[in-house]
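Participant: Below you will find the structure I want to go over with you.
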Amino acid sequence: MCIQCLLIDTLVKFRYGPTVLKRGTLSYNYENQNHFTKFLKEVFYEDFNNEMALKFYTDIRYGIMHFGTTKRNSRLTCDSSHLITKIEGVNISVDISVLEERLEQYFKQYIEEIKRGNQTELRENFIIAMNYICNIYQKDEKWEI
């Protein structure tokens with residue numbers, strides 16, 4: 001799940017572009033959270049509404065990436081046919097097998113989408129994100145990806 005969350009973070013940056021911060025400034029913002037949840041709602045629109053996307057970000061992604069476990073009573077499964085299921089009132093269950101399949105489908109669609117000549121912004125965001133990955137910065141800028 002950690003790798004899947006890292007993949008989603010990277011795909012978010014490819015789609016929307018990385019957060020740009022001026023060097024030497026401390027900035028904590030919710031842009032990554034907003035882009036991450038926006039991505040879930042757009043790509044997995046059948047499964048995620050605002051509440052479910054935010055729960056995935058806070059309970060699953062944040063918990064796994066920062067603590068090595070899900071937060072609250074949200075959990076991971078691999079025995080469901082649903083990507084996400086609401087459980088115990090406010091918690092969620094995410095099927096990692098379904099998520100993997102859906103991410104693979106999205107990636108194939110993304111490749112086809114970026115190949116189209118009319119996707120200027122999508123291509124520009126991809127280039128900016130790849131420049132960050134390759135450690136190529138604009139003068140006086142740092143990209144948080």
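By order in the structure tokens, chains are A, B, ...; within a chain, residues start at 1; ligands start at 1, following the order shown.
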Select from stretch 41-105 of chain A everything DSSP, run on the backbone, classes as strand (DSSP E or B), then give the selection as a list of chain:residue names.
Facilitator: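 Residues meeting the strand (DSSP E or B) criterion: A:Arg75, A:Leu76, A:Thr77, A:Ile84, A:Thr85, A:Lys86, A:Ile87, A:Asn91, A:Ile92, A:Ser93, A:Val94, A:Asp95.
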Participant: Compile the contact shell of A:Phe36 as number ranges by chain: residues with an atom at most 7 Å away, counting only C-alpha atoms, same-chain residues fewer than 3 positions apart removed.
Facilitator: A: 9, 12, 32-33, 39-40
Participant: Could you turn the residues from that selection into a file that holds N, CA and C atoms, as a PDB file, in the first residue's frame?
Facilitator:
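For reference, again36.pdb as written:
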```
ATOM      1  N   ASP A   9       0.780   9.588  -5.432  1.00  0.00           N
ATOM      2  CA  ASP A   9       1.410  10.903  -5.251  1.00  0.00           C
ATOM      3  C   ASP A   9       2.125  11.341  -6.526  1.00  0.00           C
ATOM      4  N   VAL A  12      -0.367  12.166  -9.275  1.00  0.00           N
ATOM      5  CA  VAL A  12      -0.982  13.468  -8.947  1.00  0.00           C
ATOM      6  C   VAL A  12      -0.090  14.593  -9.459  1.00  0.00           C
ATOM      7  N   ASN A  32      -1.059  19.458  -1.552  1.00  0.00           N
ATOM      8  CA  ASN A  32      -0.896  18.041  -1.874  1.00  0.00           C
ATOM      9  C   ASN A  32      -2.149  17.265  -1.496  1.00  0.00           C
ATOM     10  N   GLN A  33      -2.686  17.530  -0.308  1.00  0.00           N
ATOM     11  CA  GLN A  33      -3.917  16.856   0.119  1.00  0.00           C
ATOM     12  C   GLN A  33      -5.058  17.164  -0.836  1.00  0.00           C
ATOM     13  N   PHE A  39      -7.676  14.049  -7.299  1.00  0.00           N
ATOM     14  CA  PHE A  39      -7.301  12.949  -8.187  1.00  0.00           C
ATOM     15  C   PHE A  39      -8.176  11.724  -7.935  1.00  0.00           C
ATOM     16  N   LEU A  40      -8.325  11.339  -6.675  1.00  0.00           N
ATOM     17  CA  LEU A  40      -9.154  10.177  -6.347  1.00  0.00           C
ATOM     18  C   LEU A  40     -10.578  10.365  -6.847  1.00  0.00           C
TER      19      LEU A  40
END
```
Participant: Of the candidates A:Val43, A:Asn135, A:Cys2, A:Lys108, which one gets nearest to A:Tyr62 if we count only C-alpha atoms?
Facilitator: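 Smallest separation from A:Tyr62 among the options: A:Cys2.
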Participant: Please measure the separation of atom CA of A:Thr85 and atom CA of A:Ile111, giving the value in Å to one decimal.
Facilitator: 28.7 Å
Participant: When distances are computed from only C-alpha atoms, which of A:Arg116, A:Arg15, A:Arg123, A:Lys38 shows the smallest separation from A:Asn50?
Facilitator: A:Lys38
Participant: What does the distance from atom CA of A:Asn91 to atom CA of A:Leu11 come to in Å, to one decimal?
Facilitator: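 Computed distance, atom CA of A:Asn91 to atom CA of A:Leu11, equals 25.2 Å.
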Participant: Name the closest residue to A:Val90 among the candidates A:Phe56, A:Phe126, A:Tyr132, A:Tyr45; distances are taken between atoms, counting only C-alpha atoms.
Facilitator: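 Closest candidate: A:Phe56.
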Participant: Can you tell me, as a PyMOL selection string, which residues in stretch 41-120 of chain A count as helix (DSSP H, G or I) by DSSP?
Facilitator: chain A and resi 41-43+50-67+96-115+120
Participant: Please produce an output containing N, CA and C atoms for each residue in the selection, written as a CSV table (one decimal), in the first residue's frame.
Facilitator:
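Result file follows (part-v3.csv):
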```csv
chain,number,residue,atom,x,y,z
A,41,LYS,N,-11.1,11.6,-6.7
A,41,LYS,CA,-12.5,11.8,-7.1
A,41,LYS,C,-12.7,11.8,-8.6
A,42,GLU,N,-11.7,12.3,-9.3
A,42,GLU,CA,-11.7,12.4,-10.8
A,42,GLU,C,-11.5,11.0,-11.4
A,43,VAL,N,-10.5,10.3,-10.9
A,43,VAL,CA,-10.0,9.1,-11.5
A,43,VAL,C,-10.9,7.9,-11.1
A,50,ASN,N,-16.2,13.4,-1.7
A,50,ASN,CA,-15.3,14.2,-0.9
A,50,ASN,C,-14.9,13.5,0.4
A,51,GLU,N,-15.9,12.9,1.1
A,51,GLU,CA,-15.7,12.3,2.4
A,51,GLU,C,-14.7,11.1,2.3
A,52,MET,N,-15.0,10.2,1.3
A,52,MET,CA,-14.2,9.0,1.2
A,52,MET,C,-12.8,9.4,0.7
A,53,ALA,N,-12.6,10.3,-0.2
A,53,ALA,CA,-11.3,10.7,-0.6
A,53,ALA,C,-10.5,11.3,0.5
A,54,LEU,N,-11.1,12.1,1.4
A,54,LEU,CA,-10.4,12.7,2.5
A,54,LEU,C,-10.0,11.6,3.5
A,55,LYS,N,-10.9,10.6,3.8
A,55,LYS,CA,-10.6,9.5,4.7
A,55,LYS,C,-9.5,8.7,4.1
A,56,PHE,N,-9.5,8.5,2.8
A,56,PHE,CA,-8.4,7.7,2.2
A,56,PHE,C,-7.0,8.4,2.5
A,57,TYR,N,-7.0,9.7,2.2
A,57,TYR,CA,-5.8,10.5,2.4
A,57,TYR,C,-5.4,10.5,3.9
A,58,THR,N,-6.3,10.8,4.8
A,58,THR,CA,-5.9,10.9,6.2
A,58,THR,C,-5.7,9.5,6.9
A,59,ASP,N,-6.5,8.6,6.7
A,59,ASP,CA,-6.5,7.3,7.4
A,59,ASP,C,-5.5,6.3,6.7
A,60,ILE,N,-5.6,6.3,5.4
A,60,ILE,CA,-4.8,5.3,4.7
A,60,ILE,C,-3.4,5.8,4.3
A,61,ARG,N,-3.4,6.8,3.4
A,61,ARG,CA,-2.1,7.4,2.9
A,61,ARG,C,-1.3,7.9,4.0
A,62,TYR,N,-1.8,8.9,4.8
A,62,TYR,CA,-1.1,9.5,5.8
A,62,TYR,C,-0.6,8.5,6.9
A,63,GLY,N,-1.5,7.6,7.3
A,63,GLY,CA,-1.1,6.6,8.3
A,63,GLY,C,0.0,5.7,7.8
A,64,ILE,N,-0.2,5.2,6.6
A,64,ILE,CA,0.8,4.2,6.0
A,64,ILE,C,2.2,4.9,5.8
A,65,MET,N,2.1,6.1,5.2
A,65,MET,CA,3.4,6.8,4.9
A,65,MET,C,4.1,7.3,6.1
A,66,HIS,N,3.4,7.7,7.1
A,66,HIS,CA,4.1,8.4,8.3
A,66,HIS,C,4.2,7.5,9.5
A,67,PHE,N,3.3,6.5,9.6
A,67,PHE,CA,3.3,5.6,10.8
A,67,PHE,C,3.4,4.1,10.5
A,96,ILE,N,-6.7,-3.6,-1.6
A,96,ILE,CA,-5.5,-3.3,-2.3
A,96,ILE,C,-5.4,-3.9,-3.6
A,97,SER,N,-6.0,-5.0,-3.8
A,97,SER,CA,-6.0,-5.7,-5.1
A,97,SER,C,-6.8,-4.9,-6.2
A,98,VAL,N,-7.9,-4.4,-5.7
A,98,VAL,CA,-8.8,-3.6,-6.6
A,98,VAL,C,-8.1,-2.3,-6.9
A,99,LEU,N,-7.4,-1.7,-5.9
A,99,LEU,CA,-6.7,-0.5,-6.2
A,99,LEU,C,-5.6,-0.7,-7.2
A,100,GLU,N,-4.9,-1.7,-7.0
A,100,GLU,CA,-3.8,-2.0,-8.0
A,100,GLU,C,-4.3,-2.2,-9.4
A,101,GLU,N,-5.4,-2.9,-9.6
A,101,GLU,CA,-6.0,-3.0,-10.9
A,101,GLU,C,-6.4,-1.7,-11.5
A,102,ARG,N,-7.1,-0.9,-10.7
A,102,ARG,CA,-7.6,0.4,-11.1
A,102,ARG,C,-6.5,1.4,-11.4
A,103,LEU,N,-5.4,1.3,-10.7
A,103,LEU,CA,-4.2,2.2,-11.0
A,103,LEU,C,-3.6,1.8,-12.3
A,104,GLU,N,-3.5,0.5,-12.5
A,104,GLU,CA,-2.9,0.1,-13.8
A,104,GLU,C,-3.8,0.5,-15.0
A,105,GLN,N,-5.1,0.4,-14.8
A,105,GLN,CA,-6.0,0.9,-15.9
A,105,GLN,C,-5.9,2.4,-16.1
A,106,TYR,N,-5.8,3.2,-15.0
A,106,TYR,CA,-5.6,4.6,-15.1
A,106,TYR,C,-4.3,4.9,-15.8
A,107,PHE,N,-3.2,4.3,-15.4
A,107,PHE,CA,-1.9,4.6,-16.0
A,107,PHE,C,-2.0,4.4,-17.6
A,108,LYS,N,-2.6,3.3,-18.0
A,108,LYS,CA,-2.7,3.0,-19.4
A,108,LYS,C,-3.5,4.2,-20.1
A,109,GLN,N,-4.6,4.6,-19.5
A,109,GLN,CA,-5.4,5.7,-20.0
A,109,GLN,C,-4.6,7.0,-20.0
A,110,TYR,N,-3.8,7.2,-19.0
A,110,TYR,CA,-3.0,8.4,-18.9
A,110,TYR,C,-2.0,8.5,-20.0
A,111,ILE,N,-1.3,7.4,-20.3
A,111,ILE,CA,-0.4,7.3,-21.4
A,111,ILE,C,-1.1,7.7,-22.7
A,112,GLU,N,-2.2,7.2,-23.0
A,112,GLU,CA,-3.0,7.5,-24.2
A,112,GLU,C,-3.4,9.0,-24.2
A,113,GLU,N,-3.8,9.5,-23.1
A,113,GLU,CA,-4.2,10.9,-22.9
A,113,GLU,C,-3.1,11.8,-23.2
A,114,ILE,N,-1.9,11.5,-22.7
A,114,ILE,CA,-0.8,12.4,-22.9
A,114,ILE,C,-0.2,12.4,-24.3
A,115,LYS,N,-0.5,11.3,-25.0
A,115,LYS,CA,0.0,11.2,-26.4
A,115,LYS,C,-0.8,12.1,-27.3
A,120,THR,N,-1.9,20.1,-23.8
A,120,THR,CA,-0.7,20.9,-23.5
A,120,THR,C,-0.5,21.0,-22.0
```
Participant: To one decimal place in Å, what is the distance between atom CA of A:Thr70 and atom CA of A:Asn49?
Facilitator: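 Between atom CA of A:Thr70 and atom CA of A:Asn49 the gap works out to 19.7 Å.
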